[in-house]
$ cat start.txt   # compact mmCIF, C-alpha atoms and all ligand atoms
# COMPACT_ATOMS: atom_id res chain seq x y z
CA MET A 1173 94.02 -76.14 116.28
CA LYS A 1174 94.31 -76.49 120.02
CA GLN A 1175 96.35 -79.54 121.03
CA ARG A 1176 95.32 -81.66 124.02
CA LEU A 1177 97.91 -84.06 125.42
CA LEU A 1178 95.98 -86.90 127.08
CA THR A 1179 98.63 -89.64 127.08
CA PRO A 1180 99.72 -91.50 130.23
CA GLY A 1181 103.01 -89.69 130.26
CA PRO A 1182 104.18 -87.15 129.48
CA THR A 1183 101.19 -85.13 130.65
CA PRO A 1184 100.38 -81.39 130.48
CA VAL A 1185 102.40 -79.02 132.68
CA PRO A 1186 100.74 -76.01 134.40
CA GLU A 1187 101.50 -72.59 132.91
CA GLU A 1188 103.11 -71.28 136.10
CA THR A 1189 105.50 -74.25 136.09
CA LEU A 1190 106.39 -73.63 132.42
CA LEU A 1191 107.20 -70.00 133.27
CA GLU A 1192 109.53 -71.19 136.00
CA LEU A 1193 111.35 -73.28 133.39
CA ALA A 1194 111.98 -70.12 131.33
CA LYS A 1195 114.06 -68.47 134.08
CA PRO A 1196 117.85 -67.94 133.75
CA MET A 1197 120.27 -70.64 134.77
CA ILE A 1198 121.56 -70.80 138.35
CA PHE A 1199 124.49 -72.55 140.03
CA HIS A 1200 123.57 -75.63 142.06
CA ARG A 1201 126.20 -75.78 144.83
CA THR A 1202 124.66 -72.95 146.83
CA ALA A 1203 122.73 -72.54 150.07
CA GLU A 1204 119.73 -71.35 148.01
CA PHE A 1205 119.60 -74.51 145.95
CA ARG A 1206 120.06 -76.74 149.00
CA ALA A 1207 117.11 -75.02 150.66
CA LEU A 1208 115.07 -75.47 147.50
CA LEU A 1209 115.88 -79.19 147.23
CA GLY A 1210 115.05 -79.65 150.91
CA GLU A 1211 111.69 -77.98 150.39
CA VAL A 1212 110.84 -80.06 147.31
CA LEU A 1213 111.74 -83.33 149.07
CA ALA A 1214 109.68 -82.35 152.13
CA ASP A 1215 106.70 -81.58 149.87
CA LEU A 1216 107.16 -84.90 148.11
CA GLN A 1217 107.05 -86.73 151.45
CA LYS A 1218 103.46 -85.46 151.83
CA ILE A 1219 102.55 -86.82 148.40
CA PHE A 1220 104.27 -90.17 149.08
CA VAL A 1221 102.71 -90.11 152.57
CA THR A 1222 106.03 -91.11 154.09
CA LYS A 1223 108.34 -90.02 156.87
CA HIS A 1224 111.28 -91.70 155.18
CA ALA A 1225 113.93 -90.03 153.07
CA ILE A 1226 113.18 -89.47 149.40
CA VAL A 1227 116.15 -89.73 147.06
CA PRO A 1228 116.04 -87.53 143.93
CA LEU A 1229 117.59 -88.90 140.75
CA THR A 1230 118.23 -87.20 137.42
CA SER A 1231 116.70 -89.77 135.08
CA SER A 1232 113.32 -90.88 133.84
CA GLY A 1233 111.26 -93.05 136.18
CA THR A 1234 112.98 -96.25 135.15
CA GLY A 1235 116.17 -94.95 136.76
CA ALA A 1236 114.46 -95.22 140.15
CA LEU A 1237 113.41 -98.81 139.41
CA GLU A 1238 116.97 -99.67 138.45
CA ALA A 1239 118.42 -97.89 141.50
CA ALA A 1240 116.05 -99.77 143.80
CA LEU A 1241 116.97 -103.24 142.54
CA ALA A 1242 120.69 -102.71 141.91
CA ASN A 1243 121.29 -101.23 145.36
CA SER A 1244 119.17 -103.50 147.52
CA VAL A 1245 119.36 -106.92 145.87
CA PRO A 1246 122.72 -108.74 145.56
CA ALA A 1247 123.66 -110.56 142.34
CA GLY A 1248 122.38 -114.14 142.35
CA ALA A 1249 119.56 -113.38 144.82
CA LYS A 1250 115.91 -114.01 144.05
CA VAL A 1251 113.02 -111.55 143.68
CA ILE A 1252 109.30 -112.08 143.05
CA CYS A 1253 107.97 -109.94 140.16
CA LEU A 1254 104.22 -109.36 139.97
CA ILE A 1255 103.49 -108.90 136.28
CA ALA A 1256 100.23 -107.64 134.76
CA GLY A 1257 101.56 -105.78 131.74
CA ARG A 1258 104.50 -104.08 130.09
CA PHE A 1259 105.64 -102.28 133.22
CA GLY A 1260 105.50 -105.39 135.36
CA GLU A 1261 107.63 -107.02 132.68
CA ARG A 1262 110.15 -104.21 133.11
CA TRP A 1263 110.85 -105.41 136.67
CA LYS A 1264 111.74 -108.84 135.31
CA ASN A 1265 113.99 -107.29 132.65
CA ILE A 1266 115.83 -105.08 135.15
CA ALA A 1267 116.36 -108.12 137.41
CA LYS A 1268 117.87 -109.99 134.47
CA ALA A 1269 120.22 -107.11 133.66
CA PHE A 1270 121.55 -107.23 137.24
CA ASN A 1271 121.91 -110.99 137.40
CA ILE A 1272 118.99 -111.37 139.80
CA GLU A 1273 116.77 -114.44 139.55
CA SER A 1274 113.12 -113.45 139.03
CA ILE A 1275 110.16 -115.55 140.05
CA ASN A 1276 107.39 -114.26 137.80
CA VAL A 1277 103.78 -114.16 138.92
CA THR A 1278 102.13 -113.29 135.63
CA VAL A 1279 98.49 -112.63 134.74
CA PRO A 1280 97.08 -111.99 131.23
CA TYR A 1281 96.95 -108.34 130.02
CA GLY A 1282 93.85 -106.72 131.51
CA GLN A 1283 93.90 -108.79 134.70
CA ALA A 1284 95.39 -107.78 138.06
CA VAL A 1285 97.69 -109.90 140.22
CA GLN A 1286 95.71 -110.97 143.29
CA PRO A 1287 97.06 -110.98 146.87
CA ASP A 1288 96.57 -114.77 147.20
CA GLN A 1289 98.91 -115.26 144.22
CA LEU A 1290 101.56 -113.27 146.06
CA ALA A 1291 100.90 -115.20 149.29
CA LYS A 1292 101.50 -118.46 147.42
CA ALA A 1293 104.70 -117.16 145.78
CA LEU A 1294 106.04 -115.99 149.15
CA GLY A 1295 105.23 -119.40 150.62
CA ASP A 1296 106.97 -121.20 147.74
CA HIS A 1297 110.00 -118.87 147.84
CA PRO A 1298 110.82 -117.98 151.46
CA ASP A 1299 114.32 -117.00 150.24
CA ALA A 1300 113.00 -114.14 148.05
CA THR A 1301 114.84 -110.92 148.94
CA ALA A 1302 112.27 -108.56 147.38
CA VAL A 1303 108.83 -108.36 145.84
CA CYS A 1304 108.42 -105.97 142.89
CA ALA A 1305 104.95 -104.65 142.10
CA THR A 1306 103.27 -101.93 140.04
CA LEU A 1307 100.67 -99.56 141.50
CA SER A 1308 99.13 -98.43 138.22
CA GLU A 1309 99.92 -100.78 135.32
CA THR A 1310 99.82 -98.04 132.69
CA SER A 1311 99.88 -100.42 129.73
CA THR A 1312 96.50 -101.97 130.61
CA GLY A 1313 94.89 -99.52 133.07
CA VAL A 1314 94.94 -102.08 135.89
CA GLY A 1315 95.34 -100.91 139.50
CA HIS A 1316 96.89 -103.20 142.10
CA ASP A 1317 95.97 -103.71 145.75
CA ILE A 1318 99.32 -102.47 147.04
CA ALA A 1319 98.04 -102.25 150.63
CA ALA A 1320 97.21 -105.98 150.62
CA PHE A 1321 100.55 -106.87 149.01
CA GLY A 1322 102.39 -104.76 151.58
CA LYS A 1323 100.75 -106.58 154.49
CA LEU A 1324 101.91 -109.92 153.10
CA VAL A 1325 105.47 -108.86 152.34
CA ALA A 1326 105.94 -107.15 155.72
CA THR A 1327 105.67 -110.50 157.51
CA THR A 1328 108.72 -111.77 155.57
CA PRO A 1329 112.36 -110.63 155.32
CA ALA A 1330 111.73 -109.49 151.72
CA LEU A 1331 111.64 -105.84 150.70
CA PHE A 1332 108.50 -104.47 149.07
CA ILE A 1333 109.46 -102.39 146.01
CA VAL A 1334 106.76 -100.57 144.04
CA ASP A 1335 106.70 -98.87 140.65
CA SER A 1336 104.25 -96.04 141.27
CA ILE A 1337 105.34 -94.05 138.22
CA SER A 1338 101.88 -93.30 136.82
CA GLY A 1339 99.95 -93.91 140.04
CA LEU A 1340 101.59 -91.70 142.63
CA GLY A 1341 99.81 -88.37 142.84
CA ALA A 1342 96.72 -89.76 141.08
CA MET A 1343 95.51 -92.73 143.11
CA GLU A 1344 95.64 -93.49 146.80
CA CYS A 1345 99.15 -94.53 147.78
CA ARG A 1346 100.29 -94.51 151.42
CA THR A 1347 103.94 -95.46 151.38
CA ASP A 1348 104.44 -96.00 155.11
CA ASP A 1349 100.98 -97.34 156.06
CA TRP A 1350 101.17 -99.80 153.19
CA GLN A 1351 104.69 -100.85 154.20
CA ILE A 1352 106.34 -100.02 150.89
CA ASP A 1353 110.11 -100.19 151.39
CA MET A 1354 111.07 -98.49 148.14
CA ASN A 1355 108.46 -96.47 146.30
CA CYS A 1356 109.69 -95.38 142.88
CA THR A 1357 108.19 -92.64 140.75
CA GLY A 1358 108.93 -90.24 137.90
CA SER A 1359 108.12 -86.58 137.29
CA GLN A 1360 106.13 -86.71 134.04
CA LYS A 1361 102.91 -88.51 134.97
CA ALA A 1362 100.68 -87.30 137.80
CA LEU A 1363 103.18 -84.83 139.24
CA MET A 1364 102.57 -82.18 136.54
CA MET A 1365 106.16 -82.00 135.35
CA PRO A 1366 108.22 -82.66 132.23
CA PRO A 1367 110.25 -85.90 132.19
CA GLY A 1368 113.72 -85.91 133.71
CA LEU A 1369 113.38 -86.50 137.44
CA ALA A 1370 112.86 -89.72 139.38
CA PHE A 1371 112.33 -90.17 143.10
CA LEU A 1372 112.31 -93.09 145.46
CA SER A 1373 111.52 -93.40 149.13
CA VAL A 1374 113.70 -95.73 151.17
CA SER A 1375 112.55 -97.39 154.42
CA ASP A 1376 114.86 -98.44 157.28
CA LYS A 1377 114.44 -102.08 156.20
CA ALA A 1378 115.59 -101.10 152.70
CA TRP A 1379 118.60 -99.10 153.96
CA THR A 1380 119.67 -102.14 155.99
CA ALA A 1381 119.54 -104.31 152.86
CA ILE A 1382 121.39 -101.66 150.86
CA ASP A 1383 124.13 -101.43 153.50
CA LYS A 1384 124.50 -105.22 153.54
CA ASN A 1385 124.77 -105.52 149.75
CA PRO A 1386 128.47 -106.15 149.10
CA ASN A 1387 128.30 -104.85 145.53
CA PRO A 1388 125.62 -102.36 144.43
CA ARG A 1389 126.65 -102.78 140.72
CA THR A 1390 126.00 -99.15 139.97
CA PHE A 1391 127.99 -95.94 140.13
CA TYR A 1392 125.63 -93.14 139.14
CA PHE A 1393 122.68 -94.59 141.08
CA ASP A 1394 124.61 -95.53 144.25
CA LEU A 1395 122.04 -94.80 146.96
CA ARG A 1396 124.62 -94.82 149.78
CA LYS A 1397 126.36 -91.92 148.12
CA ALA A 1398 123.02 -90.19 147.60
CA ARG A 1399 122.15 -90.66 151.30
CA LYS A 1400 125.44 -89.07 152.37
CA ASN A 1401 124.80 -86.05 150.17
CA LEU A 1402 121.19 -85.73 151.28
CA GLU A 1403 122.40 -84.96 154.80
CA THR A 1404 123.08 -81.47 153.46
CA ASN A 1405 120.27 -81.49 150.83
CA ASP A 1406 122.86 -82.09 148.14
CA THR A 1407 123.22 -84.60 145.32
CA PRO A 1408 126.38 -86.52 144.31
CA TYR A 1409 126.30 -85.22 140.72
CA THR A 1410 124.75 -82.21 138.97
CA PRO A 1411 121.00 -82.53 139.48
CA ALA A 1412 118.49 -81.35 136.85
CA HIS A 1413 118.15 -78.33 139.10
CA THR A 1414 116.02 -76.22 136.78
CA LEU A 1415 113.47 -79.05 136.81
CA ILE A 1416 113.65 -79.17 140.60
CA ARG A 1417 113.10 -75.40 140.70
CA ALA A 1418 110.03 -75.81 138.48
CA MET A 1419 108.80 -78.78 140.45
CA ARG A 1420 108.53 -76.62 143.54
CA VAL A 1421 105.71 -74.78 141.74
CA SER A 1422 103.86 -77.94 140.63
CA LEU A 1423 104.11 -79.46 144.10
CA LYS A 1424 102.68 -76.32 145.72
CA LYS A 1425 99.73 -76.60 143.33
CA ILE A 1426 99.21 -80.25 144.31
CA LEU A 1427 99.50 -79.56 148.03
CA ALA A 1428 97.18 -76.54 147.82
CA GLU A 1429 94.45 -78.91 146.70
CA GLY A 1430 95.57 -81.65 149.10
CA ILE A 1431 96.66 -85.13 148.07
CA GLU A 1432 93.56 -86.84 149.50
CA ASN A 1433 91.30 -84.39 147.61
CA ILE A 1434 93.20 -85.19 144.44
CA TRP A 1435 92.67 -88.93 144.96
CA ALA A 1436 88.92 -88.27 145.30
CA ARG A 1437 88.82 -85.99 142.25
CA GLN A 1438 90.70 -88.58 140.22
CA ALA A 1439 88.13 -91.19 141.22
CA ARG A 1440 85.37 -88.86 139.90
CA TYR A 1441 87.27 -88.32 136.66
CA ALA A 1442 87.69 -92.06 136.20
CA ALA A 1443 84.01 -92.69 136.93
CA GLY A 1444 83.03 -90.05 134.34
CA ALA A 1445 85.42 -91.38 131.69
CA ARG A 1446 84.27 -94.97 132.19
CA ALA A 1447 80.59 -94.01 132.02
CA GLY A 1448 81.22 -91.93 128.89
CA PHE A 1449 82.98 -94.69 126.99
CA GLN A 1450 80.58 -97.37 128.17
CA ALA A 1451 77.64 -95.30 126.91
CA LEU A 1452 79.24 -95.60 123.46
CA GLY A 1453 79.29 -99.38 123.78
CA LEU A 1454 83.04 -99.49 124.49
CA GLU A 1455 84.08 -102.06 127.08
CA LEU A 1456 86.59 -101.37 129.82
CA PHE A 1457 89.83 -103.29 129.22
CA PRO A 1458 91.11 -103.70 132.81
CA ALA A 1459 89.24 -106.05 135.11
CA GLN A 1460 90.43 -103.99 138.09
CA PRO A 1461 90.76 -100.44 136.72
CA ASN A 1462 92.80 -97.67 138.34
CA THR A 1463 91.85 -94.00 138.50
CA ALA A 1464 94.87 -92.47 136.73
CA LEU A 1465 93.81 -93.49 133.24
CA THR A 1466 90.90 -95.16 131.48
CA VAL A 1467 91.54 -97.94 128.98
CA VAL A 1468 88.83 -99.30 126.69
CA LYS A 1469 88.64 -101.99 124.04
CA MET A 1470 87.82 -101.20 120.46
CA PRO A 1471 84.89 -102.86 118.71
CA ALA A 1472 86.08 -105.76 116.51
CA ASN A 1473 85.77 -103.73 113.30
CA ILE A 1474 87.67 -100.66 114.57
CA ASP A 1475 91.47 -100.41 114.54
CA SER A 1476 92.51 -98.08 117.37
CA THR A 1477 95.57 -96.96 115.37
CA VAL A 1478 93.22 -95.51 112.73
CA LEU A 1479 90.87 -93.98 115.32
CA LEU A 1480 93.73 -92.39 117.27
CA GLY A 1481 95.27 -91.01 114.08
CA LYS A 1482 92.01 -89.29 113.17
CA LEU A 1483 91.55 -87.97 116.72
CA GLU A 1484 94.97 -86.36 116.58
CA LYS A 1485 94.88 -85.02 113.01
CA GLN A 1486 91.30 -83.80 112.95
CA TYR A 1487 90.76 -82.70 116.55
CA GLY A 1488 94.19 -82.24 118.20
CA LEU A 1489 93.39 -84.93 120.77
CA LYS A 1490 96.41 -87.07 121.61
CA LEU A 1491 95.46 -90.31 123.35
CA ALA A 1492 97.63 -93.42 123.60
CA ASN A 1493 97.45 -96.70 121.72
CA GLY A 1494 98.05 -100.13 123.20
CA GLN A 1495 101.65 -101.33 123.30
CA ASP A 1496 103.02 -104.51 121.74
CA THR A 1497 100.22 -107.09 121.21
CA LEU A 1498 97.56 -104.58 122.36
CA LYS A 1499 98.40 -102.10 119.56
CA GLY A 1500 95.30 -101.41 117.48
CA LYS A 1501 93.02 -103.05 120.06
CA ILE A 1502 92.65 -100.49 122.88
CA ILE A 1503 92.81 -96.75 123.54
CA ARG A 1504 94.23 -95.21 126.70
CA LEU A 1505 92.98 -91.85 128.02
CA ALA A 1506 95.07 -90.38 130.84
CA HIS A 1507 93.30 -88.12 133.30
CA MET A 1508 96.09 -87.64 135.82
CA GLY A 1509 97.97 -84.45 136.66
CA TYR A 1510 97.04 -81.14 135.04
CA ILE A 1511 93.92 -82.37 133.28
CA ASP A 1512 90.36 -81.42 134.11
CA GLN A 1513 86.87 -82.77 133.46
CA PHE A 1514 86.51 -80.67 130.32
CA ASP A 1515 89.58 -82.35 128.82
CA ILE A 1516 87.86 -85.67 129.51
CA LEU A 1517 84.62 -84.46 127.90
CA ALA A 1518 86.63 -83.23 124.90
CA ALA A 1519 88.24 -86.66 124.53
CA ILE A 1520 84.91 -88.47 124.70
CA ALA A 1521 83.34 -85.99 122.25
CA GLY A 1522 86.24 -86.58 119.83
CA VAL A 1523 85.92 -90.35 120.11
CA GLU A 1524 82.19 -90.01 119.35
CA LEU A 1525 82.88 -87.93 116.23
CA VAL A 1526 85.52 -90.33 114.93
CA LEU A 1527 83.56 -93.51 115.71
CA SER A 1528 80.60 -92.01 113.92
CA GLU A 1529 82.78 -91.05 110.93
CA MET A 1530 84.10 -94.63 110.87
CA GLY A 1531 80.54 -95.90 110.54
CA GLN A 1532 80.03 -97.12 114.08
CA PRO A 1533 76.31 -96.96 115.01
CA ILE A 1534 76.57 -94.65 118.02
CA GLU A 1535 74.39 -91.80 119.20
CA ILE A 1536 76.38 -88.54 119.04
CA GLY A 1537 76.40 -86.97 122.50
CA ALA A 1538 75.56 -90.16 124.40
CA GLY A 1539 79.06 -90.56 125.84
CA VAL A 1540 79.47 -86.91 126.75
CA ALA A 1541 76.05 -86.89 128.44
CA ALA A 1542 76.84 -90.00 130.47
CA ALA A 1543 80.13 -88.50 131.67
CA GLN A 1544 78.46 -85.18 132.48
CA ARG A 1545 75.81 -86.94 134.54
CA VAL A 1546 78.59 -88.49 136.63
CA PHE A 1547 80.31 -85.10 137.03
CA ALA A 1548 76.97 -83.49 137.99
CA ARG A 1549 76.26 -86.10 140.65
CA CYS A 1550 79.55 -85.75 142.49
C1 LIG A 1601 105.71 -94.37 132.42
C2 LIG A 1601 105.95 -95.56 133.25
C3 LIG A 1601 107.21 -96.13 133.39
C4 LIG A 1601 108.38 -95.66 132.56
O1 LIG A 1601 108.92 -94.55 133.06
P1 LIG A 1601 110.05 -93.73 132.28
O2 LIG A 1601 109.90 -92.42 132.94
O3 LIG A 1601 109.70 -93.74 130.83
O4 LIG A 1601 111.32 -94.38 132.57
C5 LIG A 1601 107.39 -97.21 134.22
N1 LIG A 1601 106.35 -97.71 134.92
C6 LIG A 1601 105.11 -97.20 134.80
C7 LIG A 1601 104.01 -97.82 135.59
C8 LIG A 1601 104.86 -96.11 133.97
O5 LIG A 1601 103.63 -95.62 133.86
$ encode --input "start.txt" --output "structure tokens" --more "lines below"
Ligand SMILES: *Cc1c(COP(=O)(O)O)cnc(C)c1O
Amino acid sequence: MKQRLLTPGPTPVPEETLLELAKPMIFHRTAEFRALLGEVLADLQKIFVTKHAIVPLTSSGTGALEAALANSVPAGAKVICLIAGRFGERWKNIAKAFNIESINVTVPYGQAVQPDQLAKALGDHPDATAVCATLSETSTGVGHDIAAFGKLVATTPALFIVDSISGLGAMECRTDDWQIDMNCTGSQKALMMPPGLAFLSVSDKAWTAIDKNPNPRTFYFDLRKARKNLETNDTPYTPAHTLIRAMRVSLKKILAEGIENIWARQARYAAGARAGFQALGLELFPAQPNTALTVVKMPANIDSTVLLGKLEKQYGLKLANGQDTLKGKIIRLAHMGYIDQFDILAAIAGVELVLSEMGQPIEIGAGVAAAQRVFARC
């Protein structure tokens, strides 16, 4: 049976990138590797839409979140965390681990934090040293208005730090225009790569804060050391250089299409997926959905754990369940990265077959047809 990986990370990797990963090992302290790293970071700047330096880290995406907070925010300082799901909660947990006080602006799962909530928090806490937000809240499918947040934070001394791990490369994200000081992402979501690499952009405002921090409380993720090494396109420690070599191939694929074209295509994919599921009577879970993944609620009599198990076993379709209290209640279909409209149609067709098998009164083909009509229109 053909397997289709449609989870919001890891995501499928293009064949030409996989072939690159099969090549023999190389040494990393060479002019060739420095040129390669320089090229990959320059390509990433186009995807981040930034002129600022991008620091590569050998870790999963969370390493970039940790590096951002530990380096730029001193112990005992205060940050505002905008929390709309599991990944927003991660900001709060990282702050706690580094002895940083977090002011939590929390909305129920499925809702998005609104700019006026941030404005109020900034007004109440003029001493906040950073605001931590999430572009795509992967646990609920919510997308945040990062541009509006950035405008608010830029008028204050606080840094604007964004987790764009599942959003960057899938939905519009303009690091510099939106005044994001540290934009943190990982390789295994929309960037068509296996897990193992993290990247963060660092603005001048952020470097100033990092330089002023008397104690970064990290050794491996010390961004000052990384900056020094980046002057020669080097890294302080052994990078996952075979991943970087493969990433060159995935990034060329992304840039050949053009990042703005990808944002538009992702919006079409999301529109098709939403229409398909809605035609089956499934309600969207996020009030303010993003275009990297589509998250829908299950009918009251359907346990998503059972549905997802059948999808995987009977049809090779791997979608994601809800996490924590949402387990059994929602399904999450990722359509970021190396996924096309026929993968989306396959997922909807599979959901139709399983819902029907589970006795749900749906019309076979209704979801697929609705999605196809969207794809035909645009
Ligand atoms: C996947 C994801 C993470 C976690 O990243 P890891 O690579 O597992 O460390 C964090 N935030 C968001 C929004 C994600 O989608």
$ closest_residue --input "start.txt" --among "A:Ala1541, A:Val1546, A:Leu1454, A:Leu1505" --to "Ala1472 of chain A" --atoms "only C-alpha atoms"
A:Leu1454
$ residues_around --input "start.txt" --residues "Pro1182 of chain A" --least-positions-apart "2" --cutoff "9 Å" --atoms "only C-alpha atoms" --output "list of chain:residue names"
A:Leu1177, A:Leu1178, A:Thr1179, A:Pro1180, A:Pro1184, A:Val1185, A:Ser1359, A:Gln1360, A:Lys1361, A:Met1364, A:Met1365, A:Pro1366, A:Pro1367
$ write_last_selection --input "start.txt" --atoms "C-alpha atoms" --output "mmCIF file, in the coordinates of the input"
data_model
loop_
_atom_site.group_PDB
_atom_site.id
_atom_site.type_symbol
_atom_site.label_atom_id
_atom_site.label_comp_id
_atom_site.auth_asym_id
_atom_site.auth_seq_id
_atom_site.Cartn_x
_atom_site.Cartn_y
_atom_site.Cartn_z
ATOM 1 C CA LEU A 1177 97.910 -84.060 125.420
ATOM 2 C CA LEU A 1178 95.980 -86.900 127.080
ATOM 3 C CA THR A 1179 98.630 -89.640 127.080
ATOM 4 C CA PRO A 1180 99.720 -91.500 130.230
ATOM 5 C CA PRO A 1184 100.380 -81.390 130.480
ATOM 6 C CA VAL A 1185 102.400 -79.020 132.680
ATOM 7 C CA SER A 1359 108.120 -86.580 137.290
ATOM 8 C CA GLN A 1360 106.130 -86.710 134.040
ATOM 9 C CA LYS A 1361 102.910 -88.510 134.970
ATOM 10 C CA MET A 1364 102.570 -82.180 136.540
ATOM 11 C CA MET A 1365 106.160 -82.000 135.350
ATOM 12 C CA PRO A 1366 108.220 -82.660 132.230
ATOM 13 C CA PRO A 1367 110.250 -85.900 132.190
#
$ residues_near_ligand --input "start.txt" --ligand "ligand LIG 1601 (chain A)" --cutoff "6 Å" --atoms "all atoms listed in the file" --output "VMD selection string"
chain A and resid 1181 1232 to 1234 1259 1308 to 1310 1335 to 1338 1358
$ closest_residue --input "start.txt" --among "A:Leu1340, A:Ile1534, A:Ala1381, A:Val1478" --to "Gly1509 of chain A" --atoms "only C-alpha atoms"
A:Leu1340
$ axis_aligned_box --input "start.txt" --around "segment 1202-1208 of chain A" --padding-each-side "6 Å" --output "AutoDock Vina command-line options"
--center_x 119.9 --center_y -74.0 --center_z 148.3 --size_x 21.6 --size_y 17.4 --size_z 16.7
$ residues_around --input "start.txt" --residues "Ser1476 of chain A" --least-positions-apart "4" --cutoff "8 Å" --atoms "only C-alpha atoms" --output "PyMOL selection string"
chain A and resi 1470+1480+1493+1499-1503
$ closest_residue --input "start.txt" --among "A:Gly1481, A:Gly1315, A:Gly1539, A:Gly1235" --to "Met1343 of chain A" --atoms "all atoms listed in the file"
A:Gly1315
$ residues_around --input "start.txt" --residues "segment 1208-1220 of chain A" --least-positions-apart "4" --cutoff "9 Å" --atoms "all atoms listed in the file" --output "PDB file with C-alpha atoms, keeping the file's coordinate frame"
ATOM      1  CA  ALA A1203     122.730 -72.540 150.070  1.00  0.00           C
ATOM      2  CA  GLU A1204     119.730 -71.350 148.010  1.00  0.00           C
ATOM      3  CA  HIS A1224     111.280 -91.700 155.180  1.00  0.00           C
ATOM      4  CA  ALA A1225     113.930 -90.030 153.070  1.00  0.00           C
ATOM      5  CA  ILE A1226     113.180 -89.470 149.400  1.00  0.00           C
ATOM      6  CA  VAL A1227     116.150 -89.730 147.060  1.00  0.00           C
ATOM      7  CA  PRO A1228     116.040 -87.530 143.930  1.00  0.00           C
ATOM      8  CA  LEU A1340     101.590 -91.700 142.630  1.00  0.00           C
ATOM      9  CA  GLY A1341      99.810 -88.370 142.840  1.00  0.00           C
ATOM     10  CA  CYS A1345      99.150 -94.530 147.780  1.00  0.00           C
ATOM     11  CA  ARG A1346     100.290 -94.510 151.420  1.00  0.00           C
ATOM     12  CA  THR A1347     103.940 -95.460 151.380  1.00  0.00           C
ATOM     13  CA  ASP A1348     104.440 -96.000 155.110  1.00  0.00           C
ATOM     14  CA  ASN A1355     108.460 -96.470 146.300  1.00  0.00           C
ATOM     15  CA  PHE A1371     112.330 -90.170 143.100  1.00  0.00           C
ATOM     16  CA  SER A1373     111.520 -93.400 149.130  1.00  0.00           C
ATOM     17  CA  LEU A1402     121.190 -85.730 151.280  1.00  0.00           C
ATOM     18  CA  THR A1404     123.080 -81.470 153.460  1.00  0.00           C
ATOM     19  CA  ASN A1405     120.270 -81.490 150.830  1.00  0.00           C
ATOM     20  CA  ASP A1406     122.860 -82.090 148.140  1.00  0.00           C
ATOM     21  CA  HIS A1413     118.150 -78.330 139.100  1.00  0.00           C
ATOM     22  CA  ILE A1416     113.650 -79.170 140.600  1.00  0.00           C
ATOM     23  CA  ARG A1417     113.100 -75.400 140.700  1.00  0.00           C
ATOM     24  CA  MET A1419     108.800 -78.780 140.450  1.00  0.00           C
ATOM     25  CA  ARG A1420     108.530 -76.620 143.540  1.00  0.00           C
ATOM     26  CA  LEU A1423     104.110 -79.460 144.100  1.00  0.00           C
ATOM     27  CA  LYS A1424     102.680 -76.320 145.720  1.00  0.00           C
ATOM     28  CA  ILE A1426      99.210 -80.250 144.310  1.00  0.00           C
ATOM     29  CA  LEU A1427      99.500 -79.560 148.030  1.00  0.00           C
ATOM     30  CA  GLY A1430      95.570 -81.650 149.100  1.00  0.00           C
ATOM     31  CA  ILE A1431      96.660 -85.130 148.070  1.00  0.00           C
TER      32      ILE A1431
END
$ closest_atom_pairs --input "start.txt" --of "segment 1388-1451 of chain A" --to "segment 1239-1252 of chain A" --cutoff "12 Å" --atoms "all atoms listed in the file" --output "Markdown table"
| residue | atom | partner | partner_atom | distance |
| --- | --- | --- | --- | --- |
| A:Pro1388 | CA | A:Asn1243 | CA | 4.6 |
| A:Arg1389 | CA | A:Ala1242 | CA | 6.1 |
| A:Thr1390 | CA | A:Ala1242 | CA | 6.7 |
| A:Phe1391 | CA | A:Ala1239 | CA | 9.9 |
| A:Tyr1392 | CA | A:Ala1239 | CA | 9.0 |
| A:Phe1393 | CA | A:Ala1239 | CA | 5.4 |
| A:Asp1394 | CA | A:Asn1243 | CA | 6.7 |
| A:Leu1395 | CA | A:Asn1243 | CA | 6.7 |
| A:Arg1396 | CA | A:Asn1243 | CA | 8.5 |
| A:Lys1397 | CA | A:Asn1243 | CA | 11.0 |
| A:Ala1398 | CA | A:Ala1239 | CA | 10.8 |
$ residues_around --input "start.txt" --residues "Thr1328 of chain A" --least-positions-apart "2" --cutoff "10 Å" --atoms "all atoms listed in the file" --output "PDB file with C-alpha atoms, keeping the file's coordinate frame"
ATOM      1  CA  LEU A1294     106.040-115.990 149.150  1.00  0.00           C
ATOM      2  CA  GLY A1295     105.230-119.400 150.620  1.00  0.00           C
ATOM      3  CA  PRO A1298     110.820-117.980 151.460  1.00  0.00           C
ATOM      4  CA  ASP A1299     114.320-117.000 150.240  1.00  0.00           C
ATOM      5  CA  ALA A1300     113.000-114.140 148.050  1.00  0.00           C
ATOM      6  CA  THR A1301     114.840-110.920 148.940  1.00  0.00           C
ATOM      7  CA  ALA A1302     112.270-108.560 147.380  1.00  0.00           C
ATOM      8  CA  LYS A1323     100.750-106.580 154.490  1.00  0.00           C
ATOM      9  CA  LEU A1324     101.910-109.920 153.100  1.00  0.00           C
ATOM     10  CA  VAL A1325     105.470-108.860 152.340  1.00  0.00           C
ATOM     11  CA  ALA A1326     105.940-107.150 155.720  1.00  0.00           C
ATOM     12  CA  ALA A1330     111.730-109.490 151.720  1.00  0.00           C
ATOM     13  CA  LEU A1331     111.640-105.840 150.700  1.00  0.00           C
ATOM     14  CA  PHE A1332     108.500-104.470 149.070  1.00  0.00           C
TER      15      PHE A1332
END
$ closest_residue --input "start.txt" --among "A:Leu1456, A:Met1354, A:Val1540, A:Ala1518" --to "Ile1382 of chain A" --atoms "all atoms listed in the file"
A:Met1354
